[in-house]
$ cat start-v4.txt   # compact mmCIF, C-alpha atoms and all ligand atoms
# COMPACT_ATOMS: atom_id res chain seq x y z
CA MET A 212 7.00 17.06 5.41
CA THR A 213 8.30 13.91 3.68
CA PHE A 214 6.18 10.82 3.10
CA ILE A 215 8.01 9.00 5.90
CA ASP A 216 7.34 11.92 8.29
CA GLN A 217 3.66 11.78 7.26
CA LEU A 218 3.54 8.05 8.04
CA ARG A 219 5.14 8.60 11.45
CA ALA A 220 2.71 11.42 12.26
CA ALA A 221 -0.35 9.40 11.17
CA GLU A 222 0.85 6.34 13.11
CA ARG A 223 1.12 8.51 16.23
CA GLN A 224 -2.09 10.47 15.78
CA ASN A 225 -4.35 7.54 14.84
CA ARG A 226 -2.37 4.96 16.86
CA SER A 227 -2.48 2.79 13.79
CA LEU A 228 -0.43 0.66 11.38
CA LEU A 229 -3.55 -0.09 9.33
CA CYS A 230 -3.70 1.04 5.72
CA VAL A 231 -7.25 1.04 4.39
CA GLY A 232 -7.22 -0.27 0.81
CA LEU A 233 -9.82 1.22 -1.53
CA ASP A 234 -10.64 -1.39 -4.18
CA PRO A 235 -14.16 -0.42 -5.32
CA GLU A 236 -15.99 -3.25 -7.07
CA PRO A 237 -19.56 -2.19 -8.01
CA THR A 238 -20.87 -5.78 -8.05
CA ARG A 239 -20.06 -5.93 -4.32
CA PHE A 240 -21.58 -2.59 -3.36
CA PRO A 241 -24.61 -2.46 -1.02
CA ALA A 242 -28.01 -2.57 -2.76
CA ARG A 243 -28.43 1.20 -3.06
CA TYR A 244 -25.19 1.51 -5.14
CA ARG A 245 -24.88 -2.01 -6.61
CA ASN A 246 -23.60 -2.30 -10.21
CA ASP A 247 -23.53 1.47 -10.55
CA ALA A 248 -20.02 2.63 -11.41
CA SER A 249 -21.07 6.27 -11.06
CA LYS A 250 -21.30 5.58 -7.29
CA ILE A 251 -17.66 4.57 -6.84
CA TYR A 252 -16.83 7.92 -5.27
CA ASP A 253 -19.83 7.84 -2.90
CA PHE A 254 -19.03 4.30 -1.77
CA CYS A 255 -15.34 4.99 -1.17
CA ALA A 256 -16.02 8.35 0.51
CA HIS A 257 -18.19 6.52 3.07
CA ILE A 258 -15.36 4.04 3.74
CA VAL A 259 -12.92 6.94 4.15
CA ASP A 260 -15.26 8.75 6.56
CA ALA A 261 -15.69 5.57 8.60
CA THR A 262 -11.95 4.93 8.92
CA ALA A 263 -10.34 8.41 8.85
CA GLU A 264 -9.34 8.15 12.51
CA LEU A 265 -8.19 4.55 12.25
CA ALA A 266 -5.74 4.60 9.35
CA ILE A 267 -2.03 5.21 8.89
CA ALA A 268 -2.67 5.50 5.13
CA PHE A 269 -5.28 5.08 2.40
CA LYS A 270 -4.36 3.00 -0.64
CA PRO A 271 -6.64 3.34 -3.68
CA GLN A 272 -5.88 0.69 -6.34
CA ILE A 273 -6.00 2.53 -9.65
CA ALA A 274 -7.25 -0.44 -11.74
CA TYR A 275 -10.56 -0.49 -9.85
CA PHE A 276 -11.17 3.09 -10.98
CA ALA A 277 -9.72 2.94 -14.51
CA ALA A 278 -11.66 -0.25 -15.32
CA HIS A 279 -14.87 1.76 -14.94
CA ARG A 280 -13.60 5.00 -16.55
CA ALA A 281 -13.75 6.41 -13.04
CA GLU A 282 -10.41 8.25 -12.85
CA GLY A 283 -12.32 11.50 -12.25
CA GLN A 284 -13.96 9.88 -9.23
CA LEU A 285 -10.49 8.89 -7.98
CA GLU A 286 -9.39 12.55 -8.19
CA GLN A 287 -12.53 13.56 -6.27
CA LEU A 288 -11.88 10.83 -3.70
CA ILE A 289 -8.32 11.98 -3.05
CA ALA A 290 -9.60 15.56 -2.63
CA HIS A 291 -12.15 14.18 -0.13
CA ILE A 292 -9.38 12.38 1.82
CA ARG A 293 -7.46 15.69 2.01
CA ARG A 294 -10.57 17.37 3.47
CA VAL A 295 -11.64 14.79 6.04
CA ALA A 296 -8.32 13.12 6.86
CA PRO A 297 -5.52 15.58 6.09
CA GLN A 298 -3.25 13.71 8.51
CA VAL A 299 -3.49 10.43 6.55
CA PRO A 300 -1.18 9.99 3.52
CA VAL A 301 -2.38 8.50 0.22
CA ILE A 302 -0.50 5.65 -1.46
CA LEU A 303 -1.54 5.26 -5.09
CA ASP A 304 -1.35 1.55 -5.83
CA ALA A 305 -0.42 1.63 -9.51
CA LYS A 306 2.46 -0.91 -9.69
CA ARG A 307 4.01 1.00 -12.57
CA GLY A 308 7.28 0.03 -14.23
CA ASP A 309 8.58 1.26 -17.60
CA ILE A 310 11.50 2.88 -19.41
CA GLY A 311 12.60 6.25 -18.03
CA SER A 312 10.73 8.50 -20.49
CA THR A 313 7.45 6.67 -19.90
CA ALA A 314 8.09 6.47 -16.16
CA GLU A 315 8.31 10.29 -16.17
CA GLN A 316 4.70 10.36 -17.41
CA TYR A 317 3.58 7.84 -14.80
CA ALA A 318 5.27 9.95 -12.11
CA ILE A 319 3.36 13.03 -13.35
CA GLU A 320 0.16 10.98 -13.20
CA ALA A 321 0.78 9.78 -9.62
CA PHE A 322 2.21 12.91 -8.04
CA GLU A 323 0.81 15.81 -10.10
CA ARG A 324 -2.52 14.56 -11.47
CA TYR A 325 -3.58 12.59 -8.40
CA GLY A 326 -1.31 14.35 -5.88
CA ALA A 327 -0.51 11.03 -4.17
CA ASP A 328 2.07 10.95 -1.40
CA ALA A 329 3.53 7.62 -2.54
CA VAL A 330 3.17 5.09 -5.32
CA THR A 331 3.76 1.36 -5.78
CA LEU A 332 6.28 0.36 -8.47
CA SER A 333 7.59 -2.79 -10.08
CA PRO A 334 11.42 -2.65 -9.90
CA PHE A 335 12.05 -5.28 -12.54
CA MET A 336 12.97 -2.86 -15.36
CA GLY A 337 15.84 -1.54 -13.25
CA PHE A 338 16.98 1.67 -11.63
CA ASP A 339 16.33 3.96 -14.61
CA SER A 340 12.65 2.93 -14.42
CA VAL A 341 12.50 4.04 -10.75
CA GLN A 342 14.61 7.20 -10.93
CA PRO A 343 11.94 9.55 -12.41
CA TYR A 344 9.82 9.13 -9.27
CA LEU A 345 12.77 10.07 -7.04
CA LYS A 346 12.88 13.54 -8.58
CA TYR A 347 9.75 14.29 -6.54
CA HIS A 348 11.55 14.95 -3.28
CA GLY A 349 9.62 13.91 -0.21
CA LYS A 350 7.31 11.55 -2.14
CA GLY A 351 7.51 7.81 -1.45
CA ALA A 352 7.92 4.84 -3.80
CA PHE A 353 7.28 1.25 -2.68
CA LEU A 354 9.07 -1.37 -4.79
CA LEU A 355 7.48 -4.80 -5.16
CA CYS A 356 9.83 -7.17 -3.32
CA ARG A 357 8.12 -10.31 -2.00
CA THR A 358 4.49 -10.04 -3.06
CA SER A 359 1.56 -11.66 -1.25
CA ASN A 360 0.41 -13.95 -4.07
CA PRO A 361 1.51 -17.60 -4.46
CA GLY A 362 2.92 -16.86 -7.95
CA GLY A 363 5.35 -14.42 -6.32
CA ASP A 364 7.64 -17.47 -5.94
CA ASP A 365 8.00 -17.86 -9.68
CA LEU A 366 10.54 -15.04 -9.99
CA GLN A 367 11.07 -13.47 -6.58
CA ASN A 368 12.39 -16.68 -4.99
CA GLN A 369 14.91 -17.42 -7.74
CA ARG A 370 18.60 -17.33 -6.83
CA LEU A 371 20.83 -14.81 -8.58
CA ALA A 372 24.04 -16.76 -9.21
CA SER A 373 25.84 -13.74 -10.66
CA VAL A 374 25.35 -11.50 -7.61
CA PRO A 375 27.86 -11.84 -4.72
CA GLY A 376 26.39 -14.05 -1.98
CA GLU A 377 23.91 -15.51 -4.52
CA PRO A 378 20.81 -13.87 -2.97
CA LEU A 379 17.25 -14.64 -3.93
CA LEU A 380 15.78 -12.00 -6.25
CA TYR A 381 13.59 -10.49 -3.50
CA GLU A 382 16.60 -10.28 -1.17
CA HIS A 383 18.52 -8.43 -3.88
CA VAL A 384 15.62 -5.97 -4.32
CA ALA A 385 15.59 -5.39 -0.55
CA ARG A 386 19.34 -4.62 -0.52
CA LEU A 387 19.03 -2.23 -3.48
CA ALA A 388 16.17 -0.35 -1.80
CA GLN A 389 18.04 -0.03 1.48
CA GLY A 390 21.28 1.01 -0.22
CA PRO A 391 22.34 2.12 -3.69
CA TRP A 392 18.89 2.91 -5.18
CA ASN A 393 17.65 4.88 -2.19
CA LEU A 394 19.24 8.19 -3.20
CA ASN A 395 17.05 10.49 -1.08
CA GLY A 396 15.50 8.10 1.45
CA GLN A 397 12.24 7.83 -0.52
CA LEU A 398 12.07 4.08 -1.15
CA GLY A 399 10.02 1.46 0.64
CA LEU A 400 9.31 -2.21 -0.08
CA VAL A 401 6.17 -4.29 -0.60
CA VAL A 402 6.17 -7.60 1.29
CA GLY A 403 3.10 -9.83 1.64
CA ALA A 404 1.60 -10.49 5.08
CA THR A 405 1.12 -14.04 3.80
CA TYR A 406 4.90 -14.63 4.16
CA PRO A 407 6.01 -13.54 7.67
CA ALA A 408 9.38 -15.32 7.43
CA GLU A 409 10.18 -13.28 4.33
CA ILE A 410 9.03 -10.07 6.07
CA GLU A 411 11.59 -10.84 8.77
CA ARG A 412 14.29 -11.48 6.16
CA VAL A 413 13.47 -8.24 4.31
CA ARG A 414 13.53 -6.32 7.59
CA ALA A 415 17.01 -7.74 8.33
CA LEU A 416 18.29 -6.67 4.90
CA ALA A 417 16.46 -3.32 4.85
CA PRO A 418 16.25 -2.21 8.48
CA THR A 419 15.13 1.38 7.98
CA VAL A 420 12.86 1.57 4.92
CA PRO A 421 9.06 1.59 5.31
CA LEU A 422 7.33 -1.68 4.43
CA LEU A 423 3.93 -1.82 2.75
CA ILE A 424 2.43 -5.14 3.82
CA PRO A 425 -0.79 -6.19 2.06
CA GLY A 426 -2.47 -9.55 2.63
CA VAL A 427 -4.15 -9.37 6.04
CA GLY A 428 -7.93 -9.88 5.87
CA THR A 429 -9.20 -11.68 2.77
CA GLN A 430 -5.81 -13.19 1.81
CA GLY A 431 -5.45 -14.65 5.31
CA GLY A 432 -2.17 -13.05 6.45
CA ASP A 433 -1.59 -13.06 10.21
CA ALA A 434 -1.64 -9.54 11.71
CA VAL A 435 0.33 -10.49 14.83
CA ALA A 436 3.06 -12.38 12.92
CA THR A 437 3.28 -9.47 10.48
CA VAL A 438 3.94 -6.86 13.17
CA ARG A 439 6.42 -9.07 15.03
CA ALA A 440 8.34 -9.72 11.81
CA GLY A 441 8.39 -6.20 10.39
CA TRP A 442 7.66 -3.48 12.91
CA ARG A 443 10.50 -1.49 14.44
CA GLU A 444 10.11 1.67 16.52
CA ASP A 445 12.10 3.68 13.95
CA ALA A 446 10.94 2.05 10.68
CA PRO A 447 7.27 2.39 9.73
CA ILE A 448 5.16 -0.49 8.47
CA VAL A 449 1.88 -0.01 6.67
CA VAL A 450 -0.34 -3.09 6.88
CA SER A 451 -3.00 -3.00 4.20
CA SER A 452 -6.46 -4.57 4.08
CA SER A 453 -8.97 -3.80 1.33
CA ARG A 454 -11.85 -6.21 0.74
CA ALA A 455 -12.26 -7.29 4.38
CA ILE A 456 -12.98 -3.65 5.28
CA CYS A 457 -14.79 -2.38 2.17
CA TYR A 458 -17.11 -5.40 1.99
CA ALA A 459 -17.44 -6.21 5.70
CA SER A 460 -21.18 -6.06 5.01
CA ALA A 461 -23.16 -5.96 1.77
CA GLY A 462 -26.11 -4.47 3.63
CA ASP A 463 -27.14 -0.96 4.58
CA ASP A 464 -24.86 -1.23 7.62
CA PHE A 465 -21.72 -1.34 5.41
CA VAL A 466 -20.31 1.87 6.92
CA GLU A 467 -20.59 0.64 10.53
CA ALA A 468 -19.32 -2.81 9.49
CA ALA A 469 -16.28 -1.27 7.76
CA ARG A 470 -15.54 0.77 10.85
CA ARG A 471 -15.85 -2.29 13.09
CA GLU A 472 -13.52 -4.38 10.91
CA ALA A 473 -10.98 -1.56 10.62
CA THR A 474 -11.07 -1.03 14.40
CA ARG A 475 -10.60 -4.76 15.02
CA THR A 476 -7.61 -4.94 12.66
CA ARG A 477 -6.08 -1.69 13.91
CA ASP A 478 -6.34 -2.90 17.51
CA ALA A 479 -4.85 -6.33 16.68
CA LEU A 480 -1.89 -4.66 14.97
CA GLU A 481 -1.35 -2.24 17.87
CA ALA A 482 -1.55 -5.04 20.46
CA ALA A 483 1.08 -7.03 18.56
CA LYS A 484 3.62 -4.23 19.04
CA SER A 485 4.12 -5.17 22.69
O1 LIG A 501 0.98 -3.43 -3.85
C1 LIG A 501 -0.02 -3.89 -3.29
O2 LIG A 501 -0.75 -3.19 -2.64
C2 LIG A 501 -0.20 -5.36 -3.31
C3 LIG A 501 0.96 -6.11 -3.32
C4 LIG A 501 0.88 -7.49 -3.06
O3 LIG A 501 1.88 -8.17 -2.97
N1 LIG A 501 -0.35 -8.05 -2.88
C5 LIG A 501 -1.50 -7.31 -2.92
O4 LIG A 501 -2.57 -7.90 -2.68
N2 LIG A 501 -1.45 -5.98 -3.20
C6 LIG A 501 -2.68 -5.17 -3.35
O5 LIG A 501 -3.29 -5.10 -2.06
C7 LIG A 501 -4.70 -5.24 -2.16
C8 LIG A 501 -5.12 -6.49 -1.39
O6 LIG A 501 -6.48 -6.51 -1.22
P1 LIG A 501 -7.20 -7.41 -0.09
O7 LIG A 501 -6.69 -8.80 -0.27
O8 LIG A 501 -8.64 -7.27 -0.39
O9 LIG A 501 -6.81 -6.83 1.24
C9 LIG A 501 -5.03 -5.30 -3.65
O10 LIG A 501 -5.33 -3.98 -4.08
C10 LIG A 501 -3.74 -5.75 -4.29
O11 LIG A 501 -3.57 -5.22 -5.59
$ encode --input "start-v4.txt" --output "structure tokens" --more "lines below"
Ligand SMILES: O=C(O)c1cc(=O)[nH]c(=O)n1[C@@H]1O[C@H](COP(=O)(O)O)[C@@H](O)[C@H]1O
Amino acid sequence: MTFIDQLRAAERQNRSLLCVGLDPEPTRFPARYRNDASKIYDFCAHIVDATAELAIAFKPQIAYFAAHRAEGQLEQLIAHIRRVAPQVPVILDAKRGDIGSTAEQYAIEAFERYGADAVTLSPFMGFDSVQPYLKYHGKGAFLLCRTSNPGGDDLQNQRLASVPGEPLLYEHVARLAQGPWNLNGQLGLVVGATYPAEIERVRALAPTVPLLIPGVGTQGGDAVATVRAGWREDAPIVVSSSRAICYASAGDDFVEAARREATRTRDALEAAKS
């Protein structure tokens, strides 16, 4: 089963476009785990259990684990996801980008060490920095295109005078991912929920690739506008929310609160399809 097939199956089974982001920050944990980095796995496993039937994907952000020397807990967490939510694919948010020989190592890390189903990548070092990931047939790779942060404008909204049609940089990335770079249909694009007009533009330029859309929840992106701009029956979108779900409550009710927030977001995204 390819990553795109997995997304389609999870969307159907869980009736969801919601990707649950796992960004564990021990200072924000409930009192019983607070400031204890050895509890990263326990905290995240609770969030996974609470949302296993509500998610199209899980997206652990690797920096939140590596910063606390908790890569072993990330491995354990992915094994836990396989046990309790085998239908839900895992996107490793690593935003890697490097020369081919180093990219080969990053691809081993993402797909062999962690066994992720997809990874996030920066495309700005060019095709040879992306190619090593494409050797893992069936795995997915999301290229940063129009990111959710305000500074995304600095480069992504610059016009490329030397490219026919003088597209903006993010438009050029979208065309490459839809066409010449997408050798085996493995590529997707990252577009921020904070920029619905750009989601619509990316969807027009890249009508069939999956879109990973972070920025609903804490960053204030609009769930309804996001679905209207990006969702198509035949092209999956994966709308990610991390902090709003993980830290819906800092109290002992954090599991129920996470489930409530995930349900609310999942339902808002589903309702926007019609
Ligand atoms: O690739 C990403 O996931 C990503 C791309 C982007 O443009 N913006 C963005 O916020 N992200 C990630 O998505 C998550 C957003 O977290 P929340 O704002 O808490 O939902 C973080 O892990 C970011 O690293």
$ residues_near_ligand --input "start-v4.txt" --ligand "ligand LIG 501 (chain A)" --cutoff "7 Å" --atoms "all atoms listed in the file" --output "list in words"
Gly232, Asp234, Gln272, Asp304, Lys306, Thr331, Leu355, Arg357, Thr358, Ser359, Asn360, Val401, Val402, Gly403, Pro425, Gly426, Val427, Gly428, Thr429, Gln430, Ser451, Ser452, Ser453, Arg454 and Ala455 of chain A
$ residues_around --input "start-v4.txt" --residues "Asn225 of chain A" --least-positions-apart "3" --cutoff "8 Å" --atoms "all atoms listed in the file" --output "list in words"
Ala221, Glu222, Glu264, Leu265, Ala266 and Ile267 of chain A
$ residues_near_point --input "start-v4.txt" --point "(6.3, 11.1, -11.2)" --cutoff "6 Å" --atoms "all atoms listed in the file" --output "PDB file with C-alpha atoms, in the frame of the given file"
ATOM      1  CA  GLU A 315       8.310  10.290 -16.170  1.00  0.00           C
ATOM      2  CA  TYR A 317       3.580   7.840 -14.800  1.00  0.00           C
ATOM      3  CA  ALA A 318       5.270   9.950 -12.110  1.00  0.00           C
ATOM      4  CA  ILE A 319       3.360  13.030 -13.350  1.00  0.00           C
ATOM      5  CA  ALA A 321       0.780   9.780  -9.620  1.00  0.00           C
ATOM      6  CA  PHE A 322       2.210  12.910  -8.040  1.00  0.00           C
ATOM      7  CA  PRO A 343      11.940   9.550 -12.410  1.00  0.00           C
ATOM      8  CA  TYR A 344       9.820   9.130  -9.270  1.00  0.00           C
TER       9      TYR A 344
END
$ atom_distance --input "start-v4.txt" --atom1 "atom CA of Ala242 of chain A" --atom2 "atom CA of Arg470 of chain A"
18.8 Å
$ closest_residue --input "start-v4.txt" --among "A:Pro334, A:Gly431, A:Gly441, A:Gly462" --to "Glu411 of chain A" --atoms "all atoms listed in the file"
A:Gly441
$ closest_residue --input "start-v4.txt" --among "A:Leu345, A:Val450, A:Leu422, A:Ala290" --to "Ala268 of chain A" --atoms "all atoms listed in the file"
A:Val450
$ closest_residue --input "start-v4.txt" --among "A:Ile292, A:Cys356, A:Ala408, A:Ile273" --to "Arg386 of chain A" --atoms "all atoms listed in the file"
A:Cys356
$ residues_around --input "start-v4.txt" --residues "Asp247 of chain A" --least-positions-apart "4" --cutoff "9 Å" --atoms "all atoms listed in the file" --output "compact mmCIF listing (two decimals) with C-alpha atoms, keeping the file's coordinate frame"
# COMPACT_ATOMS: atom_id res chain seq x y z
CA PRO A 237 -19.56 -2.19 -8.01
CA THR A 238 -20.87 -5.78 -8.05
CA PHE A 240 -21.58 -2.59 -3.36
CA ARG A 243 -28.43 1.20 -3.06
CA ILE A 251 -17.66 4.57 -6.84
$ atom_distance --input "start-v4.txt" --atom1 "atom CA of Met212 of chain A" --atom2 "atom CA of His348 of chain A"
10.0 Å
$ atom_distance --input "start-v4.txt" --atom1 "atom CA of Glu282 of chain A" --atom2 "atom CA of Cys255 of chain A"
13.1 Å
$ residues_around --input "start-v4.txt" --residues "Arg471 of chain A" --least-positions-apart "3" --cutoff "10 Å" --atoms "all atoms listed in the file" --output "list in words"
Ala261, Thr262, Ile456, Ala459, Phe465, Val466, Glu467, Ala468, Thr474, Arg475, Thr476 and Arg477 of chain A
$ closest_residue --input "start-v4.txt" --among "A:Ser460, A:Thr437, A:Ser373, A:Asn368" --to "Lys484 of chain A" --atoms "only C-alpha atoms"
A:Thr437
$ closest_residue --input "start-v4.txt" --among "A:Ser312, A:Ile258, A:Leu480, A:Ser249" --to "Val449 of chain A" --atoms "all atoms listed in the file"
A:Leu480
$ closest_residue --input "start-v4.txt" --among "A:Ala220, A:Ala314, A:Leu332, A:Ala483" --to "Arg443 of chain A" --atoms "all atoms listed in the file"
A:Ala483
$ residues_around --input "start-v4.txt" --residues "Glu382 of chain A" --least-positions-apart "4" --cutoff "12 Å" --atoms "only C-alpha atoms" --output "PDB file with C-alpha atoms, in the coordinates of the input"
ATOM      1  CA  LEU A 355       7.480  -4.800  -5.160  1.00  0.00           C
ATOM      2  CA  CYS A 356       9.830  -7.170  -3.320  1.00  0.00           C
ATOM      3  CA  ARG A 357       8.120 -10.310  -2.000  1.00  0.00           C
ATOM      4  CA  LEU A 366      10.540 -15.040  -9.990  1.00  0.00           C
ATOM      5  CA  GLN A 367      11.070 -13.470  -6.580  1.00  0.00           C
ATOM      6  CA  ASN A 368      12.390 -16.680  -4.990  1.00  0.00           C
ATOM      7  CA  GLN A 369      14.910 -17.420  -7.740  1.00  0.00           C
ATOM      8  CA  ARG A 370      18.600 -17.330  -6.830  1.00  0.00           C
ATOM      9  CA  LEU A 371      20.830 -14.810  -8.580  1.00  0.00           C
ATOM     10  CA  VAL A 374      25.350 -11.500  -7.610  1.00  0.00           C
ATOM     11  CA  PRO A 375      27.860 -11.840  -4.720  1.00  0.00           C
ATOM     12  CA  GLY A 376      26.390 -14.050  -1.980  1.00  0.00           C
ATOM     13  CA  GLU A 377      23.910 -15.510  -4.520  1.00  0.00           C
ATOM     14  CA  PRO A 378      20.810 -13.870  -2.970  1.00  0.00           C
ATOM     15  CA  ARG A 386      19.340  -4.620  -0.520  1.00  0.00           C
ATOM     16  CA  LEU A 387      19.030  -2.230  -3.480  1.00  0.00           C
ATOM     17  CA  ALA A 388      16.170  -0.350  -1.800  1.00  0.00           C
ATOM     18  CA  GLN A 389      18.040  -0.030   1.480  1.00  0.00           C
ATOM     19  CA  LEU A 400       9.310  -2.210  -0.080  1.00  0.00           C
ATOM     20  CA  VAL A 402       6.170  -7.600   1.290  1.00  0.00           C
ATOM     21  CA  GLU A 409      10.180 -13.280   4.330  1.00  0.00           C
ATOM     22  CA  ILE A 410       9.030 -10.070   6.070  1.00  0.00           C
ATOM     23  CA  GLU A 411      11.590 -10.840   8.770  1.00  0.00           C
ATOM     24  CA  ARG A 412      14.290 -11.480   6.160  1.00  0.00           C
ATOM     25  CA  VAL A 413      13.470  -8.240   4.310  1.00  0.00           C
ATOM     26  CA  ARG A 414      13.530  -6.320   7.590  1.00  0.00           C
ATOM     27  CA  ALA A 415      17.010  -7.740   8.330  1.00  0.00           C
ATOM     28  CA  LEU A 416      18.290  -6.670   4.900  1.00  0.00           C
ATOM     29  CA  ALA A 417      16.460  -3.320   4.850  1.00  0.00           C
TER      30      ALA A 417
END
$ residues_around --input "start-v4.txt" --residues "segment 216-218 of chain A" --least-positions-apart "5" --cutoff "9 Å" --atoms "all atoms listed in the file" --output "PyMOL selection string"
chain A and resi 223+267-268+298-300+328+421+447-449
$ residues_near_point --input "start-v4.txt" --point "(10.2, 2.0, 0.0)" --cutoff "6 Å" --atoms "only C-alpha atoms" --output "JSON, numbers by chain"
{"A": [352, 353, 354, 398, 399, 400, 420, 421]}
$ decode --input "start-v4.txt" --residues "segment 323-363 of chain A" --atoms "C-alpha atoms" --output "compact mmCIF listing (two decimals), in the first residue's frame"
# COMPACT_ATOMS: atom_id res chain seq x y z
CA GLU A 323 14.37 2.66 8.16
CA ARG A 324 15.17 3.86 11.69
CA TYR A 325 11.77 5.41 12.43
CA GLY A 326 9.78 3.50 9.79
CA ALA A 327 7.80 6.65 8.92
CA ASP A 328 5.37 6.56 6.01
CA ALA A 329 6.27 10.07 4.85
CA VAL A 330 8.66 12.88 5.67
CA THR A 331 8.74 16.67 5.30
CA LEU A 332 11.58 18.11 3.18
CA SER A 333 12.94 21.48 2.22
CA PRO A 334 13.25 21.54 -1.61
CA PHE A 335 15.61 24.49 -1.78
CA MET A 336 18.79 22.46 -2.43
CA GLY A 337 17.22 21.08 -5.60
CA PHE A 338 16.15 17.77 -7.07
CA ASP A 339 19.28 15.80 -6.14
CA SER A 340 18.52 16.59 -2.48
CA VAL A 341 15.02 15.07 -2.84
CA GLN A 342 15.84 12.08 -5.05
CA PRO A 343 17.25 9.76 -2.31
CA TYR A 344 13.84 9.70 -0.59
CA LEU A 345 12.12 8.68 -3.84
CA LYS A 346 14.07 5.42 -3.89
CA TYR A 347 11.78 4.26 -1.09
CA HIS A 348 8.86 3.34 -3.31
CA GLY A 349 5.48 3.91 -1.75
CA LYS A 350 6.81 6.35 0.88
CA GLY A 351 5.70 9.99 0.75
CA ALA A 352 7.71 13.22 0.78
CA PHE A 353 6.10 16.62 1.41
CA LEU A 354 8.08 19.56 0.02
CA LEU A 355 7.84 22.92 1.78
CA CYS A 356 6.02 25.18 -0.67
CA ARG A 357 4.14 28.06 0.98
CA THR A 358 4.78 27.71 4.70
CA SER A 359 2.44 28.94 7.44
CA ASN A 360 4.81 31.47 9.03
CA PRO A 361 4.88 35.19 8.15
CA GLY A 362 8.58 34.93 7.16
CA GLY A 363 7.57 32.47 4.45
